[in-house]
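Accompanying notes for the structure given below.
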Amino acid sequence: MNNIKIVFFYTLSFIYVSQGQNDSIHTPIKGLEFEIAGGHLYHSPNNHASTILPPIFSKDINLQNVGDSPLWHGIGWIEFNTQYKNYGFNICADLIGEHRGMSYGVFDKNNIIVFPRILLGFDSSFVLFGQKFNAGVSVGHFSDKRIMEGLQIYNMDWIGNEFYLKWNHLKLSHNTIGDLMYWIGLNIGDASIWTLTIEDVNLFDDYKIDVKYCYFGEDKQFLYQDNYDNFIKSYSNNLSFAITKNDVKIYSEIGFRNEIPNQEDKLKYRTGFLAGVDYKFKNENIGLKLNAEYRFYGYQFNLGFRDTTIDKYSTSYVGETISRNFYPIYLYDRQPLSQWALFTDYQHKNVSGISLIADIDWYFYDKFILFGEFDINIINASNEEAFIYPLYRTGIGFQPLDGTNIKLSLTNKEMNLNKHYPTMYLISAPMVMLSLNYNFKIL
């Protein structure tokens, strides 16, 4: 099967998937686009605040210097983003540079990094037996792409490939996700995901429905992080649906993992479940994005998907913020707290979570804006007290030019460089944050 996939991959070449991570649609467009984006972030040190963690994690981390993150020192980054289109052939190549702050000196290699994001592709359509088909294949860096409705793969970046074949409303796709052990600590070799979708089916009154089935398999899943000779074949069968109308989406997904050796076989323990709703609204003065999700993972569904022995995102608590793995600043700016690794951190426990996300922008006067970013998470694990992460960032902004904003805000979230996946600390007192962001299209 792997040889067939390799032949298929190189035969069809590459498919581009856009930064929004939707499937590329073949259109006769030719041209080059280039933009420069980036920014600076700084928040005040707060020596009188404390870091708040669930008791299950606080004993594993030295909290003395967790607040000494790059954001205290004024982090800056710049992106050079290029996209080339030519009748279904697409190249997206980004080059990103980060400097982790003035306190580390001008050319400190422990705090300066330049890295690429590359996504290449080709898609096309053909007619067979009088029917039109669309097909394509992609390879490279996928940014914030959900698989199914996001029970497992969501709110994360990954390297891999994808191909799809589509006829009318029926679509078959396959994703290979590169090693999820080293950079995010999920303790998985390559993931192989087959998905069959019936999509964009009109119900009534502009309601549309998607129904998906997927086989989520891992070539190696290590039951014990200290013994890499002890691994099993792990897989789950997932089913999802989504109903959309205009800017409202209601979705759900359920997954059932295979039986695990030497574990009590109860279906509840091998089950994962997700239900959510998404809403967007925008006019000339107000922008609003709302999302609410409920998740449940039986302890066997997540069993083994955790490896804390990988390199953390810093080599020490102070002065070295780039290790073998690193935490790109755009993840802090973009990524909410909820991700699969957060839940797999609770090994041998049934765990559920509720997340409430709200992004609000109010253009109250000319180019001035009041904004609020709220990310509230309630995590409830068996034999543990429920823990609440009420993360926020709220303040006032000014937009002197299109694509540019300067914001002054209060926030209680901090980069966590000490976990085996990119996440945030909750700080007990607000910090003042000053930020400058820009995004200019050159071509």
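If you're wondering about the labels, chains in the structure tokens are A, B, ... by order shown, residues count from 1 in each chain, ligands from 1 in order shown.
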Margin query: Residues near segment 73-85 of chain A, anyone? I mean within 6 Å using only C-alpha atoms, not counting same-chain ones fewer than 6 positions away, as a list of chain:residue names.
Written below: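 These residues fall inside the cut-off: A:Lys30, A:Gly31, A:Leu32, A:Glu33, A:Phe34, A:Glu35, A:Ile36, A:Ala37, A:Gly38, A:Gly39, A:His40, A:Leu41, A:Tyr42, A:Ile91, A:Cys92, A:Ala93, A:Asp94, A:Leu95, A:Ile96, A:Gly97, A:Glu98, A:His99, A:Arg100, A:Gly101, A:Met102, A:Ser103.
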Go ahead and write the residues just picked, C-alpha atoms, as a PDB file, in the first residue's frame.
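result.pdb written:
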ATOM      1  CA  LYS A  30      -1.839  32.912 -13.276  1.00  0.00           C
ATOM      2  CA  GLY A  31       0.171  35.315 -11.217  1.00  0.00           C
ATOM      3  CA  LEU A  32       2.527  36.071  -8.373  1.00  0.00           C
ATOM      4  CA  GLU A  33       1.563  37.443  -4.966  1.00  0.00           C
ATOM      5  CA  PHE A  34       4.025  38.731  -2.391  1.00  0.00           C
ATOM      6  CA  GLU A  35       3.418  40.198   1.042  1.00  0.00           C
ATOM      7  CA  ILE A  36       5.422  41.291   4.053  1.00  0.00           C
ATOM      8  CA  ALA A  37       3.939  40.705   7.494  1.00  0.00           C
ATOM      9  CA  GLY A  38       5.188  40.717  11.046  1.00  0.00           C
ATOM     10  CA  GLY A  39       5.119  42.589  14.280  1.00  0.00           C
ATOM     11  CA  HIS A  40       6.501  43.293  17.726  1.00  0.00           C
ATOM     12  CA  LEU A  41       5.089  42.169  21.062  1.00  0.00           C
ATOM     13  CA  TYR A  42       6.041  43.308  24.533  1.00  0.00           C
ATOM     14  CA  ILE A  91       3.545  27.342  -4.695  1.00  0.00           C
ATOM     15  CA  CYS A  92       3.310  28.949  -1.279  1.00  0.00           C
ATOM     16  CA  ALA A  93       6.706  29.728   0.261  1.00  0.00           C
ATOM     17  CA  ASP A  94       7.132  31.740   3.453  1.00  0.00           C
ATOM     18  CA  LEU A  95      10.315  32.739   5.239  1.00  0.00           C
ATOM     19  CA  ILE A  96       9.970  33.834   8.870  1.00  0.00           C
ATOM     20  CA  GLY A  97      12.585  35.420  11.101  1.00  0.00           C
ATOM     21  CA  GLU A  98      12.266  35.932  14.864  1.00  0.00           C
ATOM     22  CA  HIS A  99      14.354  37.814  17.393  1.00  0.00           C
ATOM     23  CA  ARG A 100      13.396  36.899  20.957  1.00  0.00           C
ATOM     24  CA  GLY A 101      14.174  40.220  22.623  1.00  0.00           C
ATOM     25  CA  MET A 102      16.592  43.023  23.357  1.00  0.00           C
ATOM     26  CA  SER A 103      17.819  41.513  26.642  1.00  0.00           C
TER      27      SER A 103
END
Using only C-alpha atoms, find each residue of segment 329-365 of chain A with at least one atom at most 12 Å away from an atom of segment 277-289 of chain A; report its shortest atom-to-atom pair and that distance in Å (one decimal), sort the rows by chain and rising residue number, and return the result as JSON lines.
{"residue": "A:Ile354", "atom": "CA", "partner": "A:Val277", "partner_atom": "CA", "distance": 11.9}
{"residue": "A:Ser355", "atom": "CA", "partner": "A:Val277", "partner_atom": "CA", "distance": 10.8}
{"residue": "A:Leu356", "atom": "CA", "partner": "A:Val277", "partner_atom": "CA", "distance": 10.0}
{"residue": "A:Ile357", "atom": "CA", "partner": "A:Lys289", "partner_atom": "CA", "distance": 7.9}
{"residue": "A:Ala358", "atom": "CA", "partner": "A:Lys289", "partner_atom": "CA", "distance": 5.7}
{"residue": "A:Asp359", "atom": "CA", "partner": "A:Lys289", "partner_atom": "CA", "distance": 5.1}
{"residue": "A:Ile360", "atom": "CA", "partner": "A:Leu288", "partner_atom": "CA", "distance": 4.8}
{"residue": "A:Asp361", "atom": "CA", "partner": "A:Gly287", "partner_atom": "CA", "distance": 4.9}
{"residue": "A:Trp362", "atom": "CA", "partner": "A:Ile286", "partner_atom": "CA", "distance": 4.7}
{"residue": "A:Tyr363", "atom": "CA", "partner": "A:Asn285", "partner_atom": "CA", "distance": 4.9}
{"residue": "A:Phe364", "atom": "CA", "partner": "A:Asn285", "partner_atom": "CA", "distance": 6.9}
{"residue": "A:Tyr365", "atom": "CA", "partner": "A:Asn285", "partner_atom": "CA", "distance": 9.0}
Save the residues we just selected, C-alpha atoms, as a short mmCIF file (atom, residue, chain, number, x, y, z; two decimals), in the first residue's frame?
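Writing the result to out29.cif gives the following:
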data_model
loop_
_atom_site.label_atom_id
_atom_site.label_comp_id
_atom_site.auth_asym_id
_atom_site.auth_seq_id
_atom_site.Cartn_x
_atom_site.Cartn_y
_atom_site.Cartn_z
CA ILE A 354 -15.56 23.04 27.62
CA SER A 355 -14.06 25.91 25.62
CA LEU A 356 -15.71 29.29 25.01
CA ILE A 357 -13.91 31.59 22.58
CA ALA A 358 -14.98 35.14 21.70
CA ASP A 359 -13.15 37.69 19.54
CA ILE A 360 -14.81 41.10 19.48
CA ASP A 361 -13.76 44.22 17.52
CA TRP A 362 -15.60 47.55 17.77
CA TYR A 363 -14.49 50.40 15.50
CA PHE A 364 -15.89 53.09 17.75
CA TYR A 365 -14.26 56.20 16.24
#
Within 9 Å of segment 137-147 of chain A, which residues of segment 173-208 of chain A come that close, and what is the closest atom pair and distance in Å for each? Count only C-alpha atoms and give it as CSV.
residue,atom,partner,partner_atom,distance
A:Asn175,CA,A:Ile147,CA,8.6
A:Ile193,CA,A:Ile147,CA,8.6
A:Thr195,CA,A:Ile147,CA,8.8
Next item on the list: Excluding Leu410 of chain A and residues on its chain fewer than 4 positions from it, collect all residues at most 12 Å away from it, counting only C-alpha atoms, and give them as a list in words.
Entry: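 Answer for this query is Tyr42, His43, Ser44, Asn46, Phe371, Gly372, Glu373, Phe374, Leu391, Tyr392, Arg393, Thr394, Gly395, Ile396, Gly397, Glu414, Ile427, Ala429, Pro430, Met431, Val432, Met433, Leu434 and Ser435 of chain A.
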Item checked: segment 272-274 of chain A environment, 7 Å, only C-alpha atoms, sequence neighbours closer than 6 positions dropped, as a PyMOL selection string -> chain A and resi 151+252-256+294-298+301
Can you spit out the residues from that selection as a compact mmCIF listing (two decimals), in the first residue's frame, using N, CA and C atoms?
# COMPACT_ATOMS: atom_id res chain seq x y z
N LEU A 151 -11.64 16.43 16.32
CA LEU A 151 -11.56 15.67 17.56
C LEU A 151 -10.11 15.44 17.97
N SER A 252 -20.24 18.01 15.05
CA SER A 252 -19.99 17.00 16.06
C SER A 252 -19.14 15.89 15.45
N GLU A 253 -18.41 15.19 16.30
CA GLU A 253 -17.59 14.06 15.86
C GLU A 253 -17.47 13.06 17.00
N ILE A 254 -17.50 11.79 16.66
CA ILE A 254 -17.29 10.73 17.64
C ILE A 254 -16.28 9.74 17.08
N GLY A 255 -15.41 9.26 17.93
CA GLY A 255 -14.38 8.31 17.51
C GLY A 255 -14.29 7.14 18.48
N PHE A 256 -13.98 5.97 17.93
CA PHE A 256 -13.84 4.75 18.74
C PHE A 256 -12.47 4.15 18.45
N TYR A 294 -17.60 21.30 23.36
CA TYR A 294 -17.51 20.33 24.44
C TYR A 294 -16.76 19.11 23.92
N ARG A 295 -15.81 18.62 24.73
CA ARG A 295 -15.01 17.45 24.36
C ARG A 295 -15.00 16.44 25.50
N PHE A 296 -14.96 15.18 25.12
CA PHE A 296 -14.76 14.10 26.09
C PHE A 296 -13.82 13.07 25.48
N TYR A 297 -12.84 12.64 26.27
CA TYR A 297 -11.92 11.59 25.86
C TYR A 297 -11.87 10.54 26.97
N GLY A 298 -12.30 9.30 26.64
CA GLY A 298 -12.08 8.21 27.57
C GLY A 298 -10.59 7.95 27.74
N PHE A 301 -8.82 6.14 24.99
CA PHE A 301 -8.74 6.85 23.71
C PHE A 301 -7.44 7.63 23.61
Notebook entry, point to check: How many Å lie between atom CA of Ile113 of chain A and atom CA of Phe305 of chain A, rounded to one decimal?
Noted result: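 Separation of atom CA of Ile113 of chain A and atom CA of Phe305 of chain A: 28.9 Å.
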Notebook entry, point to check: Got a sec to tell me which of segment 292-337 of chain A DSSP assigns to helix (DSSP H, G or I), as number ranges by chain?
Noted result: A: 329-334
Next item on the list: Work out how far atom CA of Glu162 of chain A is from atom CA of Phe89 of chain A, in Å to one decimal.
Entry: 15.0 Å
Margin query: Would you compute the distance between atom CA of His169 of chain A and atom CA of Ile198 of chain A? Give it in Å to one decimal.
Written below: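 Separating atom CA of His169 of chain A from atom CA of Ile198 of chain A is a distance of 5.4 Å.
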Checklist line | For Thr423 of chain A, the nearest of the candidates A:Gln263, A:Asn302, A:Gln335, A:Asn439, counting only C-alpha atoms | finding: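 Among the listed residues, A:Gln335 lies closest to Thr423 of chain A.
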